[in-house]
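Okay, coords_1.txt is below, compact mmCIF, C-alpha atoms:
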```txt
# COMPACT_ATOMS: atom_id res chain seq x y z
CA MET A 1 5.83 3.68 -4.13
CA SER A 2 8.69 3.87 -1.67
CA LYS A 3 7.77 0.41 -0.45
CA LEU A 4 7.55 -0.91 -3.97
CA MET A 5 11.05 0.22 -4.82
CA SER A 6 13.01 -0.48 -1.66
CA ALA A 7 16.73 -1.16 -1.73
CA LYS A 8 16.06 -4.89 -1.83
CA THR A 9 13.79 -4.82 -4.86
CA LYS A 10 16.26 -2.56 -6.61
CA GLU A 11 18.94 -5.15 -5.97
CA ILE A 12 16.64 -7.87 -7.31
CA LEU A 13 16.03 -5.85 -10.47
CA LEU A 14 19.56 -4.66 -11.16
CA GLY A 15 21.60 -7.60 -9.87
CA PRO A 16 20.90 -9.85 -12.87
CA LEU A 17 22.04 -7.14 -15.28
CA ALA A 18 25.67 -7.58 -14.35
CA LYS A 19 26.82 -9.23 -11.14
CA ASN A 20 24.33 -12.05 -11.32
CA ASN A 21 23.73 -12.18 -15.07
CA PRO A 22 21.74 -15.25 -16.13
CA ILE A 23 23.95 -15.98 -19.12
CA THR A 24 27.47 -15.05 -18.15
CA VAL A 25 27.33 -15.87 -14.44
CA GLN A 26 24.50 -18.29 -13.74
CA VAL A 27 25.06 -20.05 -17.12
CA LEU A 28 21.34 -20.44 -17.81
CA GLY A 29 19.52 -20.26 -21.11
CA ILE A 30 22.55 -20.51 -23.34
CA CYS A 31 20.83 -22.65 -25.97
CA SER A 32 18.54 -20.03 -27.37
CA ALA A 33 20.91 -17.17 -26.62
CA LEU A 34 23.39 -18.42 -29.15
CA ALA A 35 21.10 -19.59 -31.87
CA VAL A 36 19.00 -16.49 -32.48
CA THR A 37 21.76 -13.89 -32.50
CA ALA A 38 22.80 -13.90 -36.15
CA LYS A 39 20.56 -10.84 -36.69
CA LEU A 40 19.57 -8.04 -34.35
CA GLU A 41 15.83 -8.15 -34.90
CA PRO A 42 15.12 -11.75 -33.88
CA ALA A 43 17.51 -11.34 -30.94
CA LEU A 44 15.54 -8.34 -29.69
CA VAL A 45 12.20 -10.09 -30.13
CA MET A 46 13.55 -13.15 -28.37
CA GLY A 47 14.84 -11.02 -25.48
CA ILE A 48 11.47 -9.32 -25.07
CA SER A 49 9.55 -12.59 -25.30
CA VAL A 50 11.73 -14.24 -22.66
CA THR A 51 11.42 -11.22 -20.37
CA ILE A 52 7.63 -11.29 -20.59
CA ILE A 53 7.43 -15.03 -20.07
CA VAL A 54 9.87 -15.11 -17.13
CA ALA A 55 8.12 -12.21 -15.40
CA PHE A 56 4.61 -13.60 -15.71
CA SER A 57 5.44 -17.25 -15.05
CA ASN A 58 7.30 -16.06 -11.95
CA VAL A 59 4.16 -14.25 -10.79
CA ILE A 60 1.86 -17.19 -11.48
CA ILE A 61 4.10 -19.75 -9.79
CA SER A 62 4.67 -17.39 -6.88
CA LEU A 63 0.90 -17.06 -6.39
CA LEU A 64 0.49 -20.83 -6.57
CA ARG A 65 3.57 -21.68 -4.55
CA ASN A 66 1.74 -22.70 -1.37
CA THR A 67 -0.74 -24.95 -3.14
CA ILE A 68 1.58 -26.89 -5.46
CA PRO A 69 2.48 -30.33 -4.09
CA ASN A 70 6.23 -30.60 -3.96
CA ARG A 71 6.54 -33.83 -5.96
CA ILE A 72 4.82 -32.60 -9.08
CA ARG A 73 6.04 -29.02 -9.04
CA ILE A 74 8.24 -29.43 -12.13
CA ILE A 75 5.27 -30.52 -14.21
CA VAL A 76 3.10 -27.68 -12.90
CA GLN A 77 5.85 -25.21 -13.73
CA LEU A 78 6.27 -26.66 -17.20
CA VAL A 79 2.56 -26.42 -17.92
CA VAL A 80 2.35 -22.79 -16.78
CA VAL A 81 5.38 -21.89 -18.88
CA ALA A 82 4.14 -23.85 -21.89
CA ALA A 83 0.81 -22.01 -21.77
CA LEU A 84 2.54 -18.62 -21.69
CA VAL A 85 4.91 -19.61 -24.48
CA THR A 86 1.97 -20.73 -26.61
CA ILE A 87 0.34 -17.32 -26.16
CA VAL A 88 3.53 -15.48 -27.11
CA SER A 89 4.13 -17.76 -30.07
CA GLU A 90 0.59 -17.32 -31.44
CA PHE A 91 0.90 -13.56 -30.89
CA LEU A 92 4.14 -13.43 -32.87
CA LYS A 93 2.67 -15.53 -35.66
CA ALA A 94 -0.19 -13.08 -35.94
CA PHE A 95 1.68 -9.76 -35.65
CA ALA A 96 5.31 -10.43 -36.58
CA TYR A 97 5.21 -13.42 -38.89
CA ASP A 98 8.64 -12.91 -40.48
CA VAL A 99 10.39 -12.81 -37.15
CA SER A 100 8.50 -15.84 -35.91
CA VAL A 101 9.67 -17.77 -38.97
CA GLN A 102 13.27 -16.73 -38.29
CA LEU A 103 13.03 -17.76 -34.67
CA SER A 104 11.47 -21.09 -35.75
CA VAL A 105 11.75 -23.66 -33.01
CA TYR A 106 13.53 -21.41 -30.58
CA ILE A 107 10.31 -19.75 -29.43
CA GLY A 108 9.00 -23.17 -28.47
CA LEU A 109 12.28 -23.88 -26.77
CA ILE A 110 11.71 -21.04 -24.31
CA ILE A 111 9.73 -23.71 -22.42
CA THR A 112 12.87 -25.63 -21.68
CA ASN A 113 14.98 -22.52 -21.31
CA CYS A 114 16.90 -23.05 -18.11
CA ILE A 115 16.41 -19.41 -17.07
CA LEU A 116 12.73 -20.10 -16.54
CA MET A 117 13.10 -23.26 -14.53
CA GLY A 118 16.06 -21.78 -12.68
CA ARG A 119 14.19 -18.64 -11.63
CA LEU A 120 11.00 -20.50 -10.80
CA GLU A 121 12.83 -22.99 -8.63
CA ALA A 122 15.27 -20.61 -7.03
CA PHE A 123 13.11 -17.54 -6.60
CA ALA A 124 9.39 -17.75 -7.30
CA MET A 125 8.87 -20.85 -5.14
CA SER A 126 10.00 -18.94 -2.05
CA ASN A 127 9.07 -15.30 -2.65
CA GLY A 128 6.00 -13.12 -3.04
CA PRO A 129 4.47 -12.20 -6.41
CA TRP A 130 5.81 -8.62 -6.58
CA GLU A 131 9.41 -9.58 -5.86
CA SER A 132 9.07 -12.47 -8.28
CA PHE A 133 7.80 -10.15 -10.99
CA ILE A 134 10.77 -7.82 -10.45
CA ASP A 135 13.14 -10.78 -10.41
CA GLY A 136 11.69 -12.01 -13.68
CA LEU A 137 12.07 -8.60 -15.29
CA GLY A 138 15.66 -8.27 -14.05
CA ASN A 139 16.66 -11.68 -15.36
CA GLY A 140 14.85 -11.13 -18.62
CA PHE A 141 16.70 -7.84 -19.17
CA GLY A 142 19.99 -9.42 -18.16
CA TYR A 143 19.37 -12.08 -20.79
CA ALA A 144 18.16 -9.62 -23.42
CA TRP A 145 21.12 -7.26 -23.28
CA ILE A 146 23.64 -10.04 -23.82
CA LEU A 147 21.61 -11.21 -26.81
CA VAL A 148 21.46 -7.73 -28.25
CA VAL A 149 25.19 -7.11 -27.83
CA VAL A 150 26.11 -10.42 -29.45
CA ALA A 151 23.63 -9.88 -32.28
CA PHE A 152 24.89 -6.31 -32.84
CA PHE A 153 28.43 -7.48 -33.52
CA ARG A 154 27.38 -10.53 -35.52
CA GLU A 155 25.08 -8.58 -37.79
CA LEU A 156 27.41 -5.60 -38.19
CA LEU A 157 30.52 -7.64 -38.98
CA GLY A 158 28.78 -10.55 -40.68
CA SER A 159 26.31 -8.78 -42.96
CA GLY A 160 27.23 -5.09 -42.67
CA THR A 161 23.67 -4.27 -41.63
CA LEU A 162 21.79 -3.34 -38.45
CA PHE A 163 18.10 -4.24 -38.14
CA GLY A 164 18.35 -5.06 -41.84
CA TYR A 165 19.51 -1.56 -42.84
CA GLN A 166 22.85 -1.22 -44.58
CA VAL A 167 25.30 0.63 -42.30
CA VAL A 168 28.65 -0.26 -43.80
CA PRO A 169 28.95 2.19 -46.72
CA GLN A 170 29.41 0.95 -50.26
CA ALA A 171 32.65 2.93 -50.55
CA LEU A 172 34.21 0.64 -47.96
CA TYR A 173 33.30 -2.44 -50.00
CA ASP A 174 34.74 -0.79 -53.09
CA ALA A 175 37.96 -0.22 -51.18
CA GLY A 176 38.25 -3.95 -50.62
CA TYR A 177 36.38 -4.52 -47.34
CA SER A 178 34.25 -7.64 -47.23
CA ASN A 179 31.81 -9.10 -44.74
CA ASN A 180 33.13 -11.73 -42.40
CA GLY A 181 31.10 -14.82 -43.28
CA LEU A 182 32.28 -16.64 -40.19
CA MET A 183 30.32 -14.20 -38.02
CA ILE A 184 27.04 -15.59 -39.32
CA LEU A 185 27.99 -19.16 -38.49
CA PRO A 186 27.10 -20.63 -35.08
CA PRO A 187 30.62 -20.86 -33.56
CA MET A 188 31.11 -17.08 -33.55
CA ALA A 189 28.21 -16.69 -31.15
CA LEU A 190 30.08 -18.82 -28.67
CA ILE A 191 33.28 -16.88 -29.13
CA LEU A 192 31.50 -13.54 -28.70
CA VAL A 193 29.83 -14.71 -25.49
CA ALA A 194 33.23 -15.92 -24.32
CA CYS A 195 34.63 -12.43 -25.01
CA ILE A 196 31.81 -10.83 -23.00
CA ILE A 197 32.57 -13.19 -20.14
CA TRP A 198 36.24 -12.36 -20.44
CA VAL A 199 35.70 -8.61 -20.22
CA HIS A 200 33.13 -9.00 -17.47
CA ARG A 201 35.35 -11.17 -15.30
CA ALA A 202 38.45 -9.13 -15.93
CA LYS A 203 36.57 -6.16 -14.45
CA ASP A 204 34.88 -8.04 -11.64
CA LYS A 205 37.59 -10.19 -10.06
CA GLU A 206 35.17 -11.83 -7.62
CA LEU A 207 33.63 -13.85 -10.43
CA GLN A 208 36.85 -15.49 -11.54
CA GLU A 209 37.06 -19.24 -11.06
CA MET B 1 15.61 -47.41 -45.95
CA GLU B 2 18.33 -45.36 -47.61
CA ASN B 3 16.63 -42.28 -46.36
CA VAL B 4 16.61 -43.60 -42.81
CA VAL B 5 20.38 -44.18 -42.83
CA SER B 6 21.04 -40.81 -44.40
CA ILE B 7 18.91 -39.03 -41.78
CA PHE B 8 20.77 -40.87 -39.04
CA VAL B 9 24.21 -39.89 -40.30
CA ARG B 10 23.23 -36.32 -41.09
CA SER B 11 21.73 -35.75 -37.67
CA ILE B 12 24.94 -36.94 -36.00
CA PHE B 13 27.44 -34.95 -38.03
CA VAL B 14 25.80 -32.19 -40.02
CA ASP B 15 22.79 -31.14 -37.94
CA ASN B 16 24.50 -31.88 -34.66
CA MET B 17 22.31 -30.76 -31.76
CA ILE B 18 25.15 -29.02 -29.95
CA PHE B 19 27.38 -27.72 -32.69
CA ALA B 20 24.76 -26.54 -35.15
CA PHE B 21 21.79 -25.65 -32.93
CA PHE B 22 23.19 -25.29 -29.40
CA LEU B 23 20.44 -27.43 -27.93
CA GLY B 24 20.94 -28.83 -24.47
CA MET B 25 23.76 -26.40 -23.82
CA CYS B 26 23.01 -25.87 -20.13
CA SER B 27 23.48 -29.46 -19.03
CA TYR B 28 26.23 -29.79 -21.62
CA LEU B 29 28.30 -27.17 -19.84
CA ALA B 30 27.31 -28.22 -16.34
CA VAL B 31 27.85 -31.98 -16.51
CA SER B 32 30.92 -32.21 -18.74
CA LYS B 33 33.51 -32.09 -15.95
CA ASN B 34 34.59 -35.71 -16.51
CA VAL B 35 34.17 -38.32 -19.21
CA LYS B 36 32.38 -40.92 -17.11
CA THR B 37 29.42 -38.83 -15.96
CA SER B 38 29.07 -37.18 -19.34
CA MET B 39 28.87 -40.64 -20.90
CA GLY B 40 26.03 -41.43 -18.48
CA LEU B 41 24.12 -38.28 -19.33
CA GLY B 42 24.74 -38.82 -23.03
CA ILE B 43 23.30 -42.33 -22.94
CA ALA B 44 20.29 -41.07 -20.99
CA VAL B 45 19.69 -38.42 -23.65
CA VAL B 46 19.88 -40.97 -26.49
CA PHE B 47 17.44 -43.15 -24.59
CA VAL B 48 14.88 -40.46 -23.77
CA LEU B 49 15.07 -38.90 -27.25
CA GLY B 50 14.60 -42.33 -28.80
CA VAL B 51 11.44 -42.88 -26.76
CA THR B 52 9.81 -39.44 -26.71
CA LEU B 53 10.31 -38.43 -30.31
CA PRO B 54 8.38 -41.32 -31.91
CA VAL B 55 5.57 -40.80 -29.38
CA ASN B 56 5.43 -37.12 -30.22
CA TYR B 57 5.53 -38.03 -33.89
CA LEU B 58 2.39 -40.13 -33.49
CA LEU B 59 0.78 -37.36 -31.45
CA GLU B 60 1.61 -34.79 -34.10
CA ASN B 61 0.32 -36.89 -37.00
CA TYR B 62 -2.76 -38.43 -35.44
CA VAL B 63 -3.95 -35.67 -33.10
CA LEU B 64 -2.45 -32.26 -33.66
CA LYS B 65 -1.93 -31.63 -37.37
CA GLU B 66 -4.66 -30.04 -39.41
CA GLY B 67 -6.99 -32.83 -40.46
CA ALA B 68 -5.12 -35.37 -38.34
CA LEU B 69 -8.25 -36.37 -36.48
CA VAL B 70 -10.12 -37.75 -39.53
CA TRP B 71 -9.58 -41.23 -38.18
CA ILE B 72 -12.19 -40.42 -35.52
CA SER B 73 -14.72 -38.89 -37.87
CA PRO B 74 -14.46 -37.23 -41.28
CA SER B 75 -16.18 -34.13 -39.94
CA LEU B 76 -13.01 -33.18 -38.03
CA LYS B 77 -11.17 -32.55 -41.30
CA ASN B 78 -10.72 -28.84 -40.68
CA LEU B 79 -9.71 -29.04 -37.05
CA ASP B 80 -6.19 -27.74 -36.43
CA LEU B 81 -4.91 -28.32 -32.92
CA SER B 82 -1.27 -27.49 -33.58
CA TYR B 83 -1.36 -24.59 -31.13
CA LEU B 84 -1.53 -27.23 -28.39
CA ALA B 85 1.77 -28.73 -29.55
CA PHE B 86 4.01 -27.07 -26.95
CA ILE B 87 1.94 -28.13 -23.97
CA LEU B 88 1.35 -31.67 -25.20
CA PHE B 89 4.96 -32.25 -26.21
CA ILE B 90 6.33 -31.08 -22.91
CA ALA B 91 3.72 -33.08 -20.99
CA VAL B 92 4.64 -36.21 -22.95
CA ILE B 93 8.33 -35.59 -22.34
CA ALA B 94 7.88 -34.99 -18.60
CA ALA B 95 5.63 -38.01 -18.22
CA ILE B 96 7.87 -40.35 -20.23
CA THR B 97 10.97 -39.28 -18.37
CA GLN B 98 9.20 -40.05 -15.13
CA LEU B 99 8.05 -43.41 -16.50
CA VAL B 100 11.46 -44.31 -17.88
CA GLU B 101 12.98 -43.47 -14.53
CA MET B 102 10.59 -45.81 -12.71
CA VAL B 103 11.00 -48.65 -15.21
CA VAL B 104 14.77 -48.40 -15.18
CA GLU B 105 14.79 -48.33 -11.40
CA LYS B 106 12.63 -51.44 -11.18
CA PHE B 107 14.28 -53.63 -13.79
CA THR B 108 17.91 -52.56 -14.09
CA PRO B 109 19.09 -51.10 -10.80
CA ALA B 110 22.67 -51.00 -12.05
CA LEU B 111 21.75 -48.76 -14.95
CA TYR B 112 19.58 -46.70 -12.63
CA ASN B 113 22.50 -46.09 -10.32
CA SER B 114 24.59 -44.72 -13.14
CA LEU B 115 21.82 -42.76 -14.93
CA GLY B 116 19.41 -42.12 -12.07
CA ILE B 117 20.37 -38.60 -11.13
CA PHE B 118 20.31 -37.44 -14.74
CA LEU B 119 16.89 -38.66 -15.76
CA PRO B 120 14.81 -35.96 -14.00
CA LEU B 121 17.17 -33.33 -15.38
CA ILE B 122 16.49 -34.48 -18.89
CA ALA B 123 12.85 -33.39 -18.87
CA VAL B 124 14.07 -29.81 -19.10
CA ASN B 125 16.93 -30.50 -21.50
CA CYS B 126 16.34 -28.38 -24.60
CA ALA B 127 17.73 -31.14 -26.82
CA ILE B 128 14.71 -33.33 -26.10
CA MET B 129 12.10 -30.64 -26.68
CA GLY B 130 14.14 -29.34 -29.61
CA GLY B 131 14.12 -32.78 -31.20
CA SER B 132 10.32 -32.88 -31.08
CA LEU B 133 9.97 -29.35 -32.46
CA PHE B 134 12.38 -30.03 -35.31
CA MET B 135 10.45 -33.21 -36.05
CA GLN B 136 7.28 -31.13 -36.30
CA GLN B 137 9.00 -28.63 -38.58
CA ARG B 138 10.64 -31.12 -40.92
CA GLY B 139 7.60 -33.34 -41.38
CA PHE B 140 9.19 -36.76 -41.59
CA ALA B 141 7.43 -39.19 -43.90
CA ASN B 142 7.10 -42.09 -41.49
CA ILE B 143 7.89 -43.14 -37.96
CA ALA B 144 11.09 -44.95 -38.96
CA GLU B 145 12.58 -41.69 -40.22
CA ALA B 146 11.52 -39.89 -37.06
CA THR B 147 13.07 -42.58 -34.88
CA SER B 148 16.30 -42.56 -36.83
CA TYR B 149 16.42 -38.78 -36.49
CA ALA B 150 15.89 -39.14 -32.73
CA LEU B 151 18.64 -41.71 -32.30
CA GLY B 152 21.01 -39.82 -34.57
CA SER B 153 20.53 -36.56 -32.68
CA GLY B 154 21.02 -38.39 -29.41
CA VAL B 155 24.23 -40.04 -30.57
CA GLY B 156 25.46 -36.70 -31.91
CA TRP B 157 24.81 -35.12 -28.52
CA LEU B 158 26.59 -38.00 -26.77
CA LEU B 159 29.58 -37.62 -29.07
CA ALA B 160 29.71 -33.88 -28.45
CA ILE B 161 29.54 -34.09 -24.68
CA VAL B 162 32.06 -36.93 -24.36
CA GLY B 163 34.51 -35.14 -26.65
CA PHE B 164 34.13 -31.90 -24.76
CA ALA B 165 34.55 -33.63 -21.40
CA ALA B 166 37.75 -35.26 -22.62
CA VAL B 167 39.14 -31.89 -23.74
CA ARG B 168 38.08 -30.34 -20.45
CA GLU B 169 39.87 -32.99 -18.40
CA LYS B 170 43.10 -32.17 -20.19
CA MET B 171 42.47 -28.45 -19.95
CA ALA B 172 42.76 -28.62 -16.18
CA TYR B 173 46.54 -28.72 -16.63
CA SER B 174 46.85 -25.72 -18.89
CA ASN B 175 47.51 -22.16 -17.91
CA VAL B 176 44.44 -20.16 -18.93
CA PRO B 177 44.18 -16.39 -18.25
CA ALA B 178 42.26 -15.96 -14.99
CA PRO B 179 39.14 -14.19 -16.35
CA LEU B 180 38.67 -16.86 -19.02
CA ARG B 181 39.09 -19.82 -16.69
CA GLY B 182 36.15 -22.20 -16.49
CA LEU B 183 33.21 -20.90 -18.47
CA GLY B 184 35.01 -18.61 -20.92
CA ILE B 185 37.52 -21.12 -22.20
CA GLY B 186 34.74 -23.72 -22.25
CA PHE B 187 32.79 -21.61 -24.72
CA ILE B 188 35.83 -21.12 -26.92
CA THR B 189 36.53 -24.85 -26.88
CA VAL B 190 32.97 -25.62 -27.97
CA ALA B 191 33.30 -23.01 -30.72
CA LEU B 192 36.48 -24.63 -32.04
CA MET B 193 34.88 -28.08 -31.93
CA SER B 194 31.90 -26.65 -33.77
CA ILE B 195 34.14 -25.22 -36.49
CA ALA B 196 35.77 -28.64 -36.78
CA PHE B 197 32.35 -30.26 -37.18
CA MET B 198 31.52 -27.86 -40.00
CA SER B 199 33.87 -29.80 -42.22
CA PHE B 200 31.15 -32.45 -42.33
CA SER B 201 28.59 -30.07 -43.73
CA GLY B 202 28.96 -31.23 -47.34
CA LEU B 203 28.43 -34.83 -46.29
CA LYS B 204 26.08 -36.81 -48.51
CA ILE B 205 25.18 -40.44 -48.17
```
Using the file provided, produce a representation of the structure as structure tokens.
Amino acid sequence: MSKLMSAKTKEILLGPLAKNNPITVQVLGICSALAVTAKLEPALVMGISVTIIVAFSNVIISLLRNTIPNRIRIIVQLVVVAALVTIVSEFLKAFAYDVSVQLSVYIGLIITNCILMGRLEAFAMSNGPWESFIDGLGNGFGYAWILVVVAFFRELLGSGTLFGYQVVPQALYDAGYSNNGLMILPPMALILVACIIWVHRAKDKELQE
Amino acid sequence: MENVVSIFVRSIFVDNMIFAFFLGMCSYLAVSKNVKTSMGLGIAVVFVLGVTLPVNYLLENYVLKEGALVWISPSLKNLDLSYLAFILFIAVIAAITQLVEMVVEKFTPALYNSLGIFLPLIAVNCAIMGGSLFMQQRGFANIAEATSYALGSGVGWLLAIVGFAAVREKMAYSNVPAPLRGLGIGFITVALMSIAFMSFSGLKI
């Protein structure tokens, strides 16, 4: 086990959570990150799905990396990813139909999620399967926590609920509080991500441009 | 015909790929440093969307949908291949992008020189795949509607990236707080543009 969790693998796992976050630092996979965050539940499901797909496609490509001809590698990667996405999508349709309806096309769009291609190109093509698996997990978690934070604020302020349960008490509404409808609309996702980036870069001065 | 025009206009202004669905955001943020290159990428997107979406429409309606294969034999009435949609769509997109790249290179070298570098990138642009998936979801009545949706979405994307690039060029001269510089202020700009585009949402033609 000591070999499995050396300092390097720990760095690979934890780096993407903050210093090398796929969304706020590498700017990958923004498309789906913004669109599914109006509610907490789809955001969480999306985060988990992406984590699973990145981790396993990383492993598969890493195992195949010495046999893939360089010219057609993009197509091979796309096919591997598309197969995994199909499995996840069918699984969601069978066991979590409501969420899969809410996520609509964005599950399919995981195929063209830049995180996948980015990690496959930058990491799995040149590293062993175990490191690639860890790298996939790290990046998936890094992606998921941003989604969850954004969705938390959007759902709380926009609908007064969390996971569909009412958290803002009725008394507050009676006193004149009302939900902020703008939070549900797409632009607020962008502004919230911008705020996360702001806080993140204010703390970590190295990342400033 | 009316429907075709209405779909075209709606997909540019109301269902804008960037401002309503955030599709193709990665290349949108990466390539919008100046107006000229973003124009090139935008045109490439219009082009590839306009070619791939009708092809995927035919694929969806004559191969994948439940009962779509009756034209081969009536016994295939209950066959539903739609779970293959992701793989086939992405394969079509990757193959067509490759093909378009080769054709453009052979026949119009000038266009190739301005678009060339962007074409391979487009295979993994979510706007292209997203267009095909939305087409599948909306179930357009005929291929003309699907094509007009494709071109409209492409033009909407082009409009969005050129506008953003123009704002970004000017932004270089403004004094932005250090932690927001670059990516952060970019996001806020897109958000404000998206709010502006919402004023079109009641649009009816």
As AutoDock Vina command-line options: centre and edge lengths in Å, one decimal, of the axis-aligned box holding stretch 32-47 of chain A with 5 Å per side:
```
--center_x 17.8 --center_y -14.0 --center_z -31.1 --size_x 21.2 --size_y 22.0 --size_z 21.2
```
Contacts between chain B and chain A, please, where a residue of chain A counts if it comes within 7 Å (with all atoms listed in the file); show its shortest atom pair and distance in Å to one decimal, rows by chain and ascending number, as JSON lines.
```
{"residue": "A:Val27", "atom": "CA", "partner": "B:Cys26", "partner_atom": "CA", "distance": 6.9}
{"residue": "A:Leu28", "atom": "CA", "partner": "B:Cys26", "partner_atom": "CA", "distance": 6.1}
{"residue": "A:Gly29", "atom": "CA", "partner": "B:Cys26", "partner_atom": "CA", "distance": 6.7}
{"residue": "A:Ile30", "atom": "CA", "partner": "B:Met25", "partner_atom": "CA", "distance": 6.0}
{"residue": "A:Cys31", "atom": "CA", "partner": "B:Phe22", "partner_atom": "CA", "distance": 4.9}
{"residue": "A:Leu34", "atom": "CA", "partner": "B:Phe22", "partner_atom": "CA", "distance": 6.9}
{"residue": "A:Ala35", "atom": "CA", "partner": "B:Phe21", "partner_atom": "CA", "distance": 6.2}
{"residue": "A:Ile75", "atom": "CA", "partner": "B:Ala94", "partner_atom": "CA", "distance": 6.8}
{"residue": "A:Val79", "atom": "CA", "partner": "B:Ile87", "partner_atom": "CA", "distance": 6.3}
{"residue": "A:Ala82", "atom": "CA", "partner": "B:Ile87", "partner_atom": "CA", "distance": 5.2}
{"residue": "A:Ala83", "atom": "CA", "partner": "B:Ile87", "partner_atom": "CA", "distance": 6.6}
{"residue": "A:Thr86", "atom": "CA", "partner": "B:Phe86", "partner_atom": "CA", "distance": 6.7}
{"residue": "A:Val105", "atom": "CA", "partner": "B:Leu133", "partner_atom": "CA", "distance": 6.0}
{"residue": "A:Gly108", "atom": "CA", "partner": "B:Phe86", "partner_atom": "CA", "distance": 6.5}
{"residue": "A:Leu109", "atom": "CA", "partner": "B:Gly130", "partner_atom": "CA", "distance": 6.4}
{"residue": "A:Thr112", "atom": "CA", "partner": "B:Val124", "partner_atom": "CA", "distance": 5.1}
{"residue": "A:Asn113", "atom": "CA", "partner": "B:Cys126", "partner_atom": "CA", "distance": 6.9}
{"residue": "A:Pro186", "atom": "CA", "partner": "B:Ala20", "partner_atom": "CA", "distance": 6.4}
{"residue": "A:Pro187", "atom": "CA", "partner": "B:Ala191", "partner_atom": "CA", "distance": 4.5}
{"residue": "A:Met188", "atom": "CA", "partner": "B:Ala191", "partner_atom": "CA", "distance": 6.9}
{"residue": "A:Leu190", "atom": "CA", "partner": "B:Phe187", "partner_atom": "CA", "distance": 5.5}
{"residue": "A:Ile191", "atom": "CA", "partner": "B:Ile188", "partner_atom": "CA", "distance": 5.4}
{"residue": "A:Ala194", "atom": "CA", "partner": "B:Gly184", "partner_atom": "CA", "distance": 4.7}
{"residue": "A:Ile197", "atom": "CA", "partner": "B:Gly184", "partner_atom": "CA", "distance": 6.0}
{"residue": "A:Trp198", "atom": "CA", "partner": "B:Leu180", "partner_atom": "CA", "distance": 5.3}
{"residue": "A:Arg201", "atom": "CA", "partner": "B:Pro179", "partner_atom": "CA", "distance": 5.0}
{"residue": "A:Ala202", "atom": "CA", "partner": "B:Pro179", "partner_atom": "CA", "distance": 5.1}
{"residue": "A:Gln208", "atom": "CA", "partner": "B:Pro179", "partner_atom": "CA", "distance": 5.5}
{"residue": "A:Glu209", "atom": "CA", "partner": "B:Arg181", "partner_atom": "CA", "distance": 6.0}
```
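Across the structure, atom CA of A:Leu182 and atom CA of B:Val176 are spaced 24.7 Å apart.
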request  = Could you tell me which of B:Thr52, B:Asn34, B:Ser82, B:Ser174 comes closest to B:Leu151 if we count all atoms listed in the file?
outcome  =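 Between B:Thr52, B:Asn34, B:Ser82, B:Ser174, the residue approaching B:Leu151 most closely is B:Thr52.
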Using only C-alpha atoms, which residues sit within 12 Å of A:Phe163 once same-chain residues fewer than 4 positions away are excluded, as a compact mmCIF listing (two decimals) with C-alpha atoms, in the frame of the given file?
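Saved as out-v8.txt:
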```
# COMPACT_ATOMS: atom_id res chain seq x y z
CA THR A 37 21.76 -13.89 -32.50
CA ALA A 38 22.80 -13.90 -36.15
CA LYS A 39 20.56 -10.84 -36.69
CA LEU A 40 19.57 -8.04 -34.35
CA GLU A 41 15.83 -8.15 -34.90
CA PRO A 42 15.12 -11.75 -33.88
CA ALA A 43 17.51 -11.34 -30.94
CA LEU A 44 15.54 -8.34 -29.69
CA VAL A 45 12.20 -10.09 -30.13
CA VAL A 99 10.39 -12.81 -37.15
CA VAL A 148 21.46 -7.73 -28.25
CA ALA A 151 23.63 -9.88 -32.28
CA PHE A 152 24.89 -6.31 -32.84
CA PHE A 153 28.43 -7.48 -33.52
CA ARG A 154 27.38 -10.53 -35.52
CA GLU A 155 25.08 -8.58 -37.79
CA LEU A 156 27.41 -5.60 -38.19
CA SER A 159 26.31 -8.78 -42.96
CA VAL A 167 25.30 0.63 -42.30
```
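Note that the spacing between atom CA of A:Leu120 and atom CA of A:Leu84 amounts to 13.9 Å.
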task = With a distance cut-off of 8 Å and only C-alpha atoms, select the neighbouring residues of B:Met135, excluding the residue or stretch itself and same-chain residues fewer than 6 positions from it, and output the selection as JSON, numbers by chain.
result = {"B": [53, 57, 146]}
inquiry  = Restricting the calculation to only C-alpha atoms: of B:Leu49, B:Ile161, B:Val167, B:Val4, which residue gets closest to B:Leu119?
reply    =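 Looking only at the distances to B:Leu119, the closest residue turns out to be B:Leu49.
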I want to know what sits within 8 Å of A:Ser132, based on only C-alpha atoms, with residues of the same chain fewer than 3 positions away left out; could you give that as a CSV table (one decimal) with C-alpha atoms, in the frame of the given file?
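And here's selection-v9.csv as it stands now:
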```csv
chain,number,residue,atom,x,y,z
A,55,ALA,CA,8.1,-12.2,-15.4
A,58,ASN,CA,7.3,-16.1,-12.0
A,59,VAL,CA,4.2,-14.2,-10.8
A,62,SER,CA,4.7,-17.4,-6.9
A,123,PHE,CA,13.1,-17.5,-6.6
A,124,ALA,CA,9.4,-17.8,-7.3
A,127,ASN,CA,9.1,-15.3,-2.6
A,128,GLY,CA,6.0,-13.1,-3.0
A,129,PRO,CA,4.5,-12.2,-6.4
A,135,ASP,CA,13.1,-10.8,-10.4
A,136,GLY,CA,11.7,-12.0,-13.7
```
inquiry  = One number please: atom CA of A:Thr67 to atom CA of B:Gln98, in Å, one decimal.
reply    = 21.7 Å
ask   = Can you list, as a list in words, every protein, DNA or RNA residue that comes within 10 Å of A:Pro22 when you count all atoms listed in the file, leaving out same-chain residues fewer than 2 positions away?
value = Gly15, Pro16, Leu17, Ala18, Lys19, Asn20, Thr24, Val25, Gln26, Val27, Leu28, Gly29, Ile30, Cys114, Ile115, Gly118, Arg119, Gly138, Asn139, Gly140, Phe141, Gly142, Tyr143, Ala144 and Ile146 of chain A
